[in-house]
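Colleague: So here's query-v6.pdb (PDB, C-alpha atoms).
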```pdb
ATOM      1  CA  MET A   1       6.949 -30.039  49.409
ATOM      2  CA  MET A   2       9.353 -32.375  47.700
ATOM      3  CA  ARG A   3       6.741 -33.311  45.158
ATOM      4  CA  THR A   4       5.970 -29.677  44.271
ATOM      5  CA  LEU A   5       9.645 -29.004  43.763
ATOM      6  CA  LEU A   6       9.984 -32.023  41.538
ATOM      7  CA  LEU A   7       6.978 -30.949  39.498
ATOM      8  CA  LEU A   8       8.421 -27.463  39.113
ATOM      9  CA  LEU A   9      11.713 -28.897  37.996
ATOM     10  CA  LEU A  10       9.948 -31.056  35.444
ATOM     11  CA  ALA A  11       7.971 -28.100  34.136
ATOM     12  CA  LEU A  12      11.046 -25.938  33.614
ATOM     13  CA  PRO A  13      12.145 -27.320  30.238
ATOM     14  CA  CYS A  14       8.521 -27.093  29.174
ATOM     15  CA  TRP A  15       8.465 -23.356  29.870
ATOM     16  CA  ALA A  16      11.761 -22.920  28.107
ATOM     17  CA  ALA A  17      10.390 -24.698  25.048
ATOM     18  CA  GLN A  18       7.268 -22.561  25.117
ATOM     19  CA  ASP A  19       9.323 -19.398  25.386
ATOM     20  CA  LEU A  20      11.443 -20.505  22.434
ATOM     21  CA  GLU A  21       8.308 -21.253  20.449
ATOM     22  CA  HIS A  22       6.946 -17.767  21.177
ATOM     23  CA  ARG A  23      10.190 -16.090  20.184
ATOM     24  CA  ALA A  24      10.502 -18.114  16.983
ATOM     25  CA  ALA A  25       6.866 -17.467  16.045
ATOM     26  CA  ALA A  26       7.264 -13.724  16.649
ATOM     27  CA  LEU A  27      10.357 -13.652  14.472
ATOM     28  CA  GLU A  28       8.683 -15.618  11.692
ATOM     29  CA  ARG A  29       5.922 -13.032  11.485
ATOM     30  CA  GLU A  30       8.551 -10.327  10.873
ATOM     31  CA  LEU A  31      10.288 -12.125   8.021
ATOM     32  CA  ARG A  32       9.305 -12.542   4.417
ATOM     33  CA  CYS A  33       9.191 -15.812   2.553
ATOM     34  CA  LEU A  34      11.192 -15.287  -0.633
ATOM     35  CA  VAL A  35       9.307 -17.872  -2.614
ATOM     36  CA  CYS A  36       5.828 -16.445  -2.144
ATOM     37  CA  GLN A  37       6.810 -12.895  -1.522
ATOM     38  CA  ASN A  38       3.664 -11.571   0.069
ATOM     39  CA  GLN A  39       3.648 -14.146   2.811
ATOM     40  CA  THR A  40       5.604 -14.197   6.019
ATOM     41  CA  LEU A  41       7.781 -17.137   6.933
ATOM     42  CA  ALA A  42       5.110 -18.055   9.467
ATOM     43  CA  GLU A  43       2.351 -18.253   6.839
ATOM     44  CA  SER A  44       4.195 -19.835   3.959
ATOM     45  CA  ASN A  45       4.144 -23.518   3.142
ATOM     46  CA  ALA A  46       7.014 -23.309   0.684
ATOM     47  CA  PRO A  47       9.773 -25.843   1.371
ATOM     48  CA  LEU A  48      12.300 -23.023   1.741
ATOM     49  CA  ALA A  49      10.114 -21.344   4.378
ATOM     50  CA  MET A  50      10.058 -24.625   6.286
ATOM     51  CA  ASP A  51      13.855 -24.869   6.100
ATOM     52  CA  LEU A  52      14.228 -21.299   7.265
ATOM     53  CA  ARG A  53      11.783 -21.823  10.138
ATOM     54  CA  ASN A  54      13.874 -24.794  11.233
ATOM     55  CA  GLN A  55      17.005 -22.654  10.991
ATOM     56  CA  ILE A  56      15.423 -19.935  13.133
ATOM     57  CA  ARG A  57      14.366 -22.446  15.769
ATOM     58  CA  SER A  58      17.675 -24.256  15.958
ATOM     59  CA  GLN A  59      19.605 -20.990  16.108
ATOM     60  CA  LEU A  60      17.412 -19.570  18.870
ATOM     61  CA  ALA A  61      17.703 -22.867  20.728
ATOM     62  CA  ALA A  62      21.476 -22.605  20.394
ATOM     63  CA  GLY A  63      21.272 -19.339  22.310
ATOM     64  CA  LYS A  64      21.415 -16.801  19.485
ATOM     65  CA  SER A  65      19.558 -13.542  19.861
ATOM     66  CA  GLU A  66      16.737 -12.396  17.559
ATOM     67  CA  ARG A  67      19.084  -9.777  16.173
ATOM     68  CA  GLU A  68      21.694 -12.389  15.257
ATOM     69  CA  VAL A  69      19.121 -14.583  13.529
ATOM     70  CA  VAL A  70      17.807 -11.652  11.476
ATOM     71  CA  ASP A  71      21.388 -10.685  10.582
ATOM     72  CA  TYR A  72      22.020 -14.268   9.471
ATOM     73  CA  LEU A  73      19.075 -14.119   7.061
ATOM     74  CA  VAL A  74      19.813 -10.578   5.852
ATOM     75  CA  ALA A  75      23.403 -11.601   5.042
ATOM     76  CA  ARG A  76      22.016 -14.286   2.718
ATOM     77  CA  TYR A  77      18.829 -12.833   1.315
ATOM     78  CA  GLY A  78      19.227  -9.080   1.795
ATOM     79  CA  ASP A  79      17.008  -6.541   3.553
ATOM     80  CA  PHE A  80      14.150  -7.836   1.452
ATOM     81  CA  VAL A  81      13.501 -10.612   3.998
ATOM     82  CA  ARG A  82      12.557  -8.037   6.603
ATOM     83  CA  TYR A  83       9.021  -6.740   6.636
ATOM     84  CA  ARG A  84      10.351  -3.734   8.545
ATOM     85  CA  PRO A  85      13.262  -2.534   6.425
ATOM     86  CA  PRO A  86      16.016  -0.578   8.190
ATOM     87  CA  LEU A  87      16.280   3.178   7.733
ATOM     88  CA  LYS A  88      19.026   3.773   5.159
ATOM     89  CA  ALA A  89      19.685   6.165   2.304
ATOM     90  CA  SER A  90      17.989   3.773  -0.128
ATOM     91  CA  THR A  91      14.906   3.371   2.058
ATOM     92  CA  LEU A  92      14.561   7.022   3.018
ATOM     93  CA  LEU A  93      11.752   7.627   0.532
ATOM     94  CA  LEU A  94       9.938   4.570   1.836
ATOM     95  CA  TRP A  95      10.046   5.744   5.433
ATOM     96  CA  ALA A  96       9.636   9.488   4.903
ATOM     97  CA  GLY A  97       7.249   9.289   1.924
ATOM     98  CA  PRO A  98       3.970   8.958   3.870
ATOM     99  CA  PHE A  99       4.869  11.901   6.114
ATOM    100  CA  VAL A 100       5.891  14.017   3.122
ATOM    101  CA  PHE A 101       2.529  13.288   1.511
ATOM    102  CA  LEU A 102       0.668  14.001   4.755
ATOM    103  CA  ILE A 103       2.368  17.346   5.298
ATOM    104  CA  GLY A 104       1.977  18.220   1.618
ATOM    105  CA  GLY A 105      -1.717  17.362   1.852
ATOM    106  CA  PHE A 106      -2.225  19.599   4.879
ATOM    107  CA  TYR A 107      -0.381  22.408   3.129
ATOM    108  CA  LEU A 108      -2.616  22.127   0.063
ATOM    109  CA  LEU A 109      -5.725  21.948   2.241
ATOM    110  CA  ALA A 110      -4.684  25.066   4.144
ATOM    111  CA  ARG A 111      -4.056  26.923   0.894
ATOM    112  CA  ILE A 112      -7.392  25.962  -0.597
ATOM    113  CA  LEU A 113      -9.257  26.894   2.584
ATOM    114  CA  ARG A 114      -7.530  30.250   2.753
ATOM    115  CA  ARG A 115      -8.374  31.020  -0.832
ATOM    116  CA  ARG A 116     -11.979  30.118  -0.270
ATOM    117  CA  ARG A 117     -12.425  32.719   2.469
ATOM    118  CA  VAL A 118     -14.079  35.384   0.325
ATOM    119  CA  PRO A 119     -13.701  38.974   1.591
ATOM    120  CA  PRO A 120     -17.031  40.673   2.444
ATOM    121  CA  PRO A 121     -18.333  42.576  -0.617
ATOM    122  CA  GLN A 122     -17.555  46.270  -0.709
ATOM    123  CA  LEU A 123     -20.588  48.246  -1.700
ATOM    124  CA  SER A 124     -20.356  51.486  -3.580
ATOM    125  CA  GLY A 125     -22.304  54.543  -2.380
ATOM    126  CA  ALA A 126     -25.064  54.029  -4.964
ATOM    127  CA  GLU A 127     -25.430  50.304  -4.065
ATOM    128  CA  ARG A 128     -25.536  51.163  -0.380
ATOM    129  CA  SER A 129     -28.399  53.595  -0.798
ATOM    130  CA  ARG A 130     -30.258  51.090  -3.018
ATOM    131  CA  ALA A 131     -29.860  48.398  -0.355
ATOM    132  CA  ALA A 132     -31.046  50.779   2.340
ATOM    133  CA  LYS A 133     -34.109  51.581   0.232
ATOM    134  CA  LEU A 134     -34.888  47.891  -0.260
ATOM    135  CA  LEU A 135     -34.582  47.203   3.454
ATOM    136  CA  GLU A 136     -36.944  49.980   4.484
TER     137      GLU A 136
ATOM    138  CA  MET B 137      -1.182  29.073 -15.872
ATOM    139  CA  LYS B 138       1.416  28.585 -13.164
ATOM    140  CA  ARG B 139      -0.964  26.313 -11.307
ATOM    141  CA  LEU B 140      -1.529  24.178 -14.385
ATOM    142  CA  GLY B 141       2.230  23.858 -14.762
ATOM    143  CA  TRP B 142       2.563  22.612 -11.194
ATOM    144  CA  THR B 143      -0.248  20.096 -11.537
ATOM    145  CA  LEU B 144       1.269  18.835 -14.756
ATOM    146  CA  ALA B 145       4.715  18.512 -13.138
ATOM    147  CA  VAL B 146       3.320  16.486 -10.225
ATOM    148  CA  PHE B 147       1.356  14.310 -12.633
ATOM    149  CA  VAL B 148       4.383  13.632 -14.835
ATOM    150  CA  ALA B 149       6.532  12.838 -11.760
ATOM    151  CA  LEU B 150       3.922  10.366 -10.524
ATOM    152  CA  VAL B 151       3.646   8.695 -13.931
ATOM    153  CA  ALA B 152       7.448   8.414 -14.094
ATOM    154  CA  LEU B 153       7.547   6.825 -10.638
ATOM    155  CA  LEU B 154       4.835   4.319 -11.509
ATOM    156  CA  ALA B 155       6.436   3.525 -14.882
ATOM    157  CA  LEU B 156       9.701   2.825 -13.091
ATOM    158  CA  GLY B 157       7.858   0.548 -10.657
ATOM    159  CA  LEU B 158       6.303  -1.373 -13.545
ATOM    160  CA  ARG B 159       9.685  -2.052 -15.094
ATOM    161  CA  LEU B 160      11.138  -3.550 -11.922
ATOM    162  CA  ASN B 161      10.868  -7.275 -11.456
ATOM    163  CA  PRO B 162       9.805  -7.944  -7.865
ATOM    164  CA  SER B 163      10.860 -11.581  -8.030
ATOM    165  CA  GLU B 164      14.458 -10.561  -8.631
ATOM    166  CA  VAL B 165      15.816  -9.792  -5.226
ATOM    167  CA  PRO B 166      19.269  -8.222  -5.403
ATOM    168  CA  SER B 167      21.664 -10.592  -3.694
ATOM    169  CA  PRO B 168      23.703  -9.187  -0.824
ATOM    170  CA  LEU B 169      26.360 -11.760  -1.712
ATOM    171  CA  ILE B 170      27.594  -9.994  -4.847
ATOM    172  CA  GLY B 171      31.133  -8.778  -4.204
ATOM    173  CA  LYS B 172      31.457 -11.051  -1.180
ATOM    174  CA  PRO B 173      33.463 -14.269  -0.885
ATOM    175  CA  ALA B 174      31.476 -17.340  -1.909
ATOM    176  CA  PRO B 175      30.241 -19.029   1.300
ATOM    177  CA  ALA B 176      32.494 -21.911   2.287
ATOM    178  CA  PHE B 177      31.155 -25.432   2.039
ATOM    179  CA  GLU B 178      32.217 -29.031   1.813
ATOM    180  CA  LEU B 179      29.743 -31.450   0.333
ATOM    181  CA  PRO B 180      29.757 -35.015  -0.986
ATOM    182  CA  LEU B 181      29.748 -35.435  -4.738
ATOM    183  CA  LEU B 182      26.534 -36.534  -6.374
ATOM    184  CA  MET B 183      28.326 -39.187  -8.418
ATOM    185  CA  ALA B 184      30.705 -40.372  -5.693
ATOM    186  CA  PRO B 185      29.227 -40.022  -2.182
ATOM    187  CA  ASP B 186      32.552 -40.915  -0.565
ATOM    188  CA  LYS B 187      34.354 -38.008  -2.226
ATOM    189  CA  ARG B 188      33.874 -34.424  -1.134
ATOM    190  CA  PHE B 189      34.113 -31.071  -2.849
ATOM    191  CA  SER B 190      34.844 -27.661  -1.388
ATOM    192  CA  GLU B 191      34.565 -24.299  -3.150
ATOM    193  CA  ARG B 192      38.229 -23.721  -2.139
ATOM    194  CA  GLU B 193      39.318 -26.187  -4.811
ATOM    195  CA  MET B 194      38.249 -23.682  -7.464
ATOM    196  CA  LEU B 195      40.412 -20.825  -6.182
ATOM    197  CA  GLY B 196      42.571 -19.453  -8.973
ATOM    198  CA  GLN B 197      40.007 -19.946 -11.706
ATOM    199  CA  VAL B 198      36.867 -18.211 -12.845
ATOM    200  CA  TRP B 199      33.963 -20.628 -12.550
ATOM    201  CA  ILE B 200      30.217 -20.980 -12.627
ATOM    202  CA  LEU B 201      28.106 -22.510  -9.893
ATOM    203  CA  ASN B 202      24.746 -23.689 -11.174
ATOM    204  CA  VAL B 203      22.104 -24.691  -8.620
ATOM    205  CA  TRP B 204      19.672 -27.243 -10.009
ATOM    206  CA  ALA B 205      17.397 -30.129  -9.076
ATOM    207  CA  SER B 206      15.664 -32.917 -10.949
ATOM    208  CA  TRP B 207      12.288 -31.806  -9.526
ATOM    209  CA  CYS B 208      12.644 -28.341 -11.029
ATOM    210  CA  PRO B 209      11.094 -27.898 -14.507
ATOM    211  CA  PRO B 210      12.861 -24.575 -15.282
ATOM    212  CA  CYS B 211      16.174 -26.400 -14.720
ATOM    213  CA  LEU B 212      15.310 -28.610 -17.651
ATOM    214  CA  VAL B 213      14.490 -25.506 -19.691
ATOM    215  CA  GLU B 214      17.900 -23.939 -19.032
ATOM    216  CA  HIS B 215      19.800 -27.211 -19.373
ATOM    217  CA  PRO B 216      20.742 -26.736 -23.058
ATOM    218  CA  VAL B 217      22.046 -23.241 -22.239
ATOM    219  CA  VAL B 218      24.144 -24.543 -19.341
ATOM    220  CA  THR B 219      25.404 -27.339 -21.572
ATOM    221  CA  ARG B 220      26.419 -24.843 -24.236
ATOM    222  CA  ILE B 221      28.427 -22.758 -21.734
ATOM    223  CA  ALA B 222      30.178 -25.853 -20.411
ATOM    224  CA  GLN B 223      30.977 -27.118 -23.921
ATOM    225  CA  SER B 224      32.313 -23.752 -25.029
ATOM    226  CA  GLY B 225      35.030 -24.208 -22.415
ATOM    227  CA  ILE B 226      34.796 -20.561 -21.400
ATOM    228  CA  ALA B 227      34.586 -21.545 -17.726
ATOM    229  CA  PRO B 228      34.086 -24.736 -15.744
ATOM    230  CA  VAL B 229      30.506 -25.257 -14.591
ATOM    231  CA  VAL B 230      30.059 -26.843 -11.180
ATOM    232  CA  GLY B 231      26.612 -28.108 -10.269
ATOM    233  CA  LEU B 232      24.970 -27.814  -6.877
ATOM    234  CA  ASN B 233      22.261 -30.439  -6.698
ATOM    235  CA  TYR B 234      19.747 -28.792  -4.361
ATOM    236  CA  LYS B 235      17.345 -30.711  -2.112
ATOM    237  CA  ASP B 236      17.255 -33.615  -4.492
ATOM    238  CA  VAL B 237      17.495 -37.392  -4.175
ATOM    239  CA  ARG B 238      20.275 -39.303  -5.854
ATOM    240  CA  GLU B 239      17.866 -41.886  -7.296
ATOM    241  CA  GLU B 240      16.144 -39.118  -9.232
ATOM    242  CA  ALA B 241      19.065 -36.797  -9.955
ATOM    243  CA  LEU B 242      21.221 -39.486 -11.603
ATOM    244  CA  PRO B 243      18.569 -40.690 -14.100
ATOM    245  CA  TRP B 244      17.792 -37.015 -14.858
ATOM    246  CA  LEU B 245      21.431 -36.499 -15.844
ATOM    247  CA  ALA B 246      21.454 -39.735 -17.834
ATOM    248  CA  ARG B 247      18.391 -38.532 -19.756
ATOM    249  CA  ASN B 248      19.441 -34.929 -20.333
ATOM    250  CA  GLY B 249      23.224 -35.103 -20.356
ATOM    251  CA  ASN B 250      25.717 -34.031 -17.754
ATOM    252  CA  PRO B 251      27.539 -30.810 -18.628
ATOM    253  CA  TYR B 252      28.983 -30.335 -15.146
ATOM    254  CA  ARG B 253      32.621 -30.728 -14.272
ATOM    255  CA  LEU B 254      31.392 -32.104 -10.969
ATOM    256  CA  ILE B 255      28.272 -31.867  -8.872
ATOM    257  CA  ALA B 256      28.083 -31.177  -5.149
ATOM    258  CA  TYR B 257      25.149 -32.828  -3.437
ATOM    259  CA  ASP B 258      23.247 -30.505  -1.074
ATOM    260  CA  ALA B 259      20.544 -32.908   0.068
ATOM    261  CA  ASP B 260      19.069 -30.799   2.888
ATOM    262  CA  GLY B 261      19.545 -27.404   1.229
ATOM    263  CA  ARG B 262      21.758 -26.004   3.993
ATOM    264  CA  ILE B 263      24.396 -24.747   1.566
ATOM    265  CA  GLY B 264      21.624 -23.384  -0.623
ATOM    266  CA  ILE B 265      20.553 -21.190   2.307
ATOM    267  CA  ASP B 266      24.135 -19.951   2.705
ATOM    268  CA  TYR B 267      24.104 -18.953  -0.958
ATOM    269  CA  GLY B 268      20.728 -17.241  -0.610
ATOM    270  CA  VAL B 269      19.035 -19.692  -2.970
ATOM    271  CA  TYR B 270      15.264 -19.284  -3.035
ATOM    272  CA  GLY B 271      14.237 -20.337  -6.496
ATOM    273  CA  VAL B 272      16.103 -22.971  -8.459
ATOM    274  CA  PRO B 273      17.729 -22.689 -10.917
ATOM    275  CA  GLU B 274      20.206 -20.067  -9.785
ATOM    276  CA  THR B 275      23.604 -19.372 -11.285
ATOM    277  CA  TYR B 276      26.656 -17.695  -9.778
ATOM    278  CA  VAL B 277      29.821 -16.435 -11.431
ATOM    279  CA  ILE B 278      32.776 -16.652  -9.056
ATOM    280  CA  ASP B 279      36.154 -15.077  -9.767
ATOM    281  CA  ARG B 280      39.722 -16.295  -9.198
ATOM    282  CA  GLN B 281      39.757 -14.917  -5.661
ATOM    283  CA  GLY B 282      36.584 -16.803  -4.810
ATOM    284  CA  VAL B 283      34.369 -13.707  -4.850
ATOM    285  CA  ILE B 284      30.824 -13.885  -6.202
ATOM    286  CA  ARG B 285      30.600 -11.450  -9.112
ATOM    287  CA  TYR B 286      27.189 -12.183 -10.563
ATOM    288  CA  LYS B 287      24.032 -14.043  -9.719
ATOM    289  CA  HIS B 288      21.216 -14.988 -12.017
ATOM    290  CA  ILE B 289      17.903 -16.128 -10.567
ATOM    291  CA  GLY B 290      15.739 -18.388 -12.699
ATOM    292  CA  PRO B 291      16.582 -20.223 -15.906
ATOM    293  CA  LEU B 292      19.560 -18.939 -17.864
ATOM    294  CA  THR B 293      18.647 -17.844 -21.355
ATOM    295  CA  ALA B 294      20.844 -17.468 -24.410
ATOM    296  CA  ASP B 295      20.301 -13.689 -24.151
ATOM    297  CA  VAL B 296      21.453 -13.495 -20.544
ATOM    298  CA  VAL B 297      24.514 -15.588 -21.339
ATOM    299  CA  GLN B 298      25.388 -13.498 -24.377
ATOM    300  CA  GLN B 299      24.796 -10.107 -22.777
ATOM    301  CA  LYS B 300      25.850 -10.645 -19.175
ATOM    302  CA  VAL B 301      27.593 -13.924 -18.396
ATOM    303  CA  GLU B 302      30.007 -14.206 -21.320
ATOM    304  CA  PRO B 303      31.291 -10.608 -21.230
ATOM    305  CA  LEU B 304      31.779 -10.927 -17.466
ATOM    306  CA  LEU B 305      33.630 -14.248 -17.798
ATOM    307  CA  LYS B 306      35.903 -12.757 -20.442
ATOM    308  CA  ARG B 307      36.579  -9.716 -18.314
ATOM    309  CA  LEU B 308      37.355 -11.808 -15.249
ATOM    310  CA  ALA B 309      39.566 -14.193 -17.213
ATOM    311  CA  ALA B 310      41.590 -11.246 -18.514
ATOM    312  CA  GLN B 311      42.250  -9.934 -15.028
TER     313      GLN B 311
END
```
For this file, produce the structure as structure tokens.
Modeller:
Amino acid sequence: MMRTLLLLLLALPCWAAQDLEHRAAALERELRCLVCQNQTLAESNAPLAMDLRNQIRSQLAAGKSEREVVDYLVARYGDFVRYRPPLKASTLLLWAGPFVFLIGGFYLLARILRRRRVPPPQLSGAERSRAAKLLE
Amino acid sequence: MKRLGWTLAVFVALVALLALGLRLNPSEVPSPLIGKPAPAFELPLLMAPDKRFSEREMLGQVWILNVWASWCPPCLVEHPVVTRIAQSGIAPVVGLNYKDVREEALPWLARNGNPYRLIAYDADGRIGIDYGVYGVPETYVIDRQGVIRYKHIGPLTADVVQQKVEPLLKRLAAQ
């Protein structure tokens, strides 16, 4: 009994470290490396990315929330560091654009389909009698 | 005819959007620090490790903060331009030696000349992070109240100095 308790107690900091690692890794996948701009902080080997990863880890370890860490980076590097930019007036087109195009596409499709529906041909009296003769 | 007009309008709008996109420089990230107080710091001097420098000492004057390192080739490219600004006396230029080692930074200055009024030594790049530095060289113009008014990313060129930095310095000095 005593030994199990001791083992559990020893494992506790280990779990905490693992949890921190998970949180830091998740955050790093959400943030852009500014040096090689199409890589996340997690992927990049740039020295700045390493510094920023260390910052993220030490800040999370100091008890800061994910939100606070992101705010810290946004205050220095701007919204550009976030792979998921916030919804603002300047990013409205970015967020709404795909839906505008989708709805516009459906609208065009509906219009084209409607136009394509050709009304059944109206036959004149003479044509009708000719058709009847041919069918006999 | 109306349909052709619409198609043409959409096409022209798309071309305009793409043309605008082509003219933007994706490596120039607008700094959120413009218009904000320069982040506070206190760092040892590169030349005199026992002395320290804080950005507060520059309050009351318009100055330039130039982030450089001896390992950074574009810093060498812009060095004559920085030297010219410093020599013109239009504003004091303070250096921020970023993630460098003294043994390399000092010979670099001896070789290329030292235009800086003084140089703060940011060995681990912590202050660089506070200033949003991501590609040395970077240059900041800071006003009398200690507010960042302009940031240039990458090597300063004579054109940038003539068209942006100098007019801004003159305007700020007149205030």
Colleague: Within 9 Å of chain B, which residues belong to chain A? Use only C-alpha atoms and report them as a list in words.
Modeller: Cys33, Leu34, Val35, Gln37, Leu48, Asp51, Leu52, Leu73, Val74, Ala75, Arg76, Tyr77, Gly78, Asp79 and Phe80 of chain A
Colleague: Carefully work through the PyMOL selection byres ((chain A and resi 42) around 12) for this structure and note down the residues it includes, as a PDB file with C-alpha atoms, in the frame of the given file.
Modeller:
```pdb
ATOM      1  CA  GLU A  21       8.308 -21.253  20.449  1.00  0.00           C
ATOM      2  CA  HIS A  22       6.946 -17.767  21.177  1.00  0.00           C
ATOM      3  CA  ALA A  24      10.502 -18.114  16.983  1.00  0.00           C
ATOM      4  CA  ALA A  25       6.866 -17.467  16.045  1.00  0.00           C
ATOM      5  CA  ALA A  26       7.264 -13.724  16.649  1.00  0.00           C
ATOM      6  CA  LEU A  27      10.357 -13.652  14.472  1.00  0.00           C
ATOM      7  CA  GLU A  28       8.683 -15.618  11.692  1.00  0.00           C
ATOM      8  CA  ARG A  29       5.922 -13.032  11.485  1.00  0.00           C
ATOM      9  CA  GLU A  30       8.551 -10.327  10.873  1.00  0.00           C
ATOM     10  CA  LEU A  31      10.288 -12.125   8.021  1.00  0.00           C
ATOM     11  CA  ARG A  32       9.305 -12.542   4.417  1.00  0.00           C
ATOM     12  CA  CYS A  33       9.191 -15.812   2.553  1.00  0.00           C
ATOM     13  CA  CYS A  36       5.828 -16.445  -2.144  1.00  0.00           C
ATOM     14  CA  ASN A  38       3.664 -11.571   0.069  1.00  0.00           C
ATOM     15  CA  GLN A  39       3.648 -14.146   2.811  1.00  0.00           C
ATOM     16  CA  THR A  40       5.604 -14.197   6.019  1.00  0.00           C
ATOM     17  CA  LEU A  41       7.781 -17.137   6.933  1.00  0.00           C
ATOM     18  CA  GLU A  43       2.351 -18.253   6.839  1.00  0.00           C
ATOM     19  CA  SER A  44       4.195 -19.835   3.959  1.00  0.00           C
ATOM     20  CA  ASN A  45       4.144 -23.518   3.142  1.00  0.00           C
ATOM     21  CA  ALA A  46       7.014 -23.309   0.684  1.00  0.00           C
ATOM     22  CA  LEU A  48      12.300 -23.023   1.741  1.00  0.00           C
ATOM     23  CA  ALA A  49      10.114 -21.344   4.378  1.00  0.00           C
ATOM     24  CA  MET A  50      10.058 -24.625   6.286  1.00  0.00           C
ATOM     25  CA  ASP A  51      13.855 -24.869   6.100  1.00  0.00           C
ATOM     26  CA  LEU A  52      14.228 -21.299   7.265  1.00  0.00           C
ATOM     27  CA  ARG A  53      11.783 -21.823  10.138  1.00  0.00           C
ATOM     28  CA  ASN A  54      13.874 -24.794  11.233  1.00  0.00           C
ATOM     29  CA  ILE A  56      15.423 -19.935  13.133  1.00  0.00           C
TER      30      ILE A  56
END
```
Colleague: Fewer than 5 positions away in the same chain doesn't count, so skip those; otherwise give me all residues within 12 Å of A:Ala16, counting all atoms listed in the file, as a ChimeraX atom specification.
Modeller: /A:9-11,21-23,60-61,63
Colleague: Distance atom CA of B:Glu274-atom CA of B:Leu201, one decimal place?
Modeller: 8.3 Å
Colleague: I would like the residues chosen by the PyMOL selection byres ((chain B and resi 225-228) around 8) on the shown file; could you give them as a list in words?
Modeller: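 Expected selection for the PyMOL selection byres ((chain B and resi 225-228) around 8) here is Val198, Trp199, Ile200, Ile221, Ala222, Gln223, Ser224, Val229, Val230, Tyr252, Arg253, Glu302, Leu305 and Lys306 of chain B.
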Colleague: Report, in Å to a single decimal, how far apart atom CA of A:Val70 and atom CA of A:Pro85 are.
Modeller: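 Going from atom CA of A:Pro85 over to atom CA of A:Val70 covers 11.4 Å.
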Colleague: To verify the selection step, state as JSON, numbers by chain which residues the PyMOL selection byres ((chain B and resi 173) around 8) yields on this input.
Modeller: {"B": [169, 171, 172, 174, 175, 281, 282, 283, 284]}
Colleague: Measuring between all atoms listed in the file, which one of B:Val237, B:Val203, B:Leu242, B:Val297 shows the shortest distance to B:Thr275?
Modeller: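 Closest candidate: B:Val203.
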Colleague: Considering only C-alpha atoms, state which residue in the set B:Val218, B:Ala152, B:Tyr234, B:Leu212 is at the smallest distance from B:Arg247.
Modeller: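 Ranking B:Val218, B:Ala152, B:Tyr234, B:Leu212 by distance to B:Arg247, first place goes to B:Leu212.
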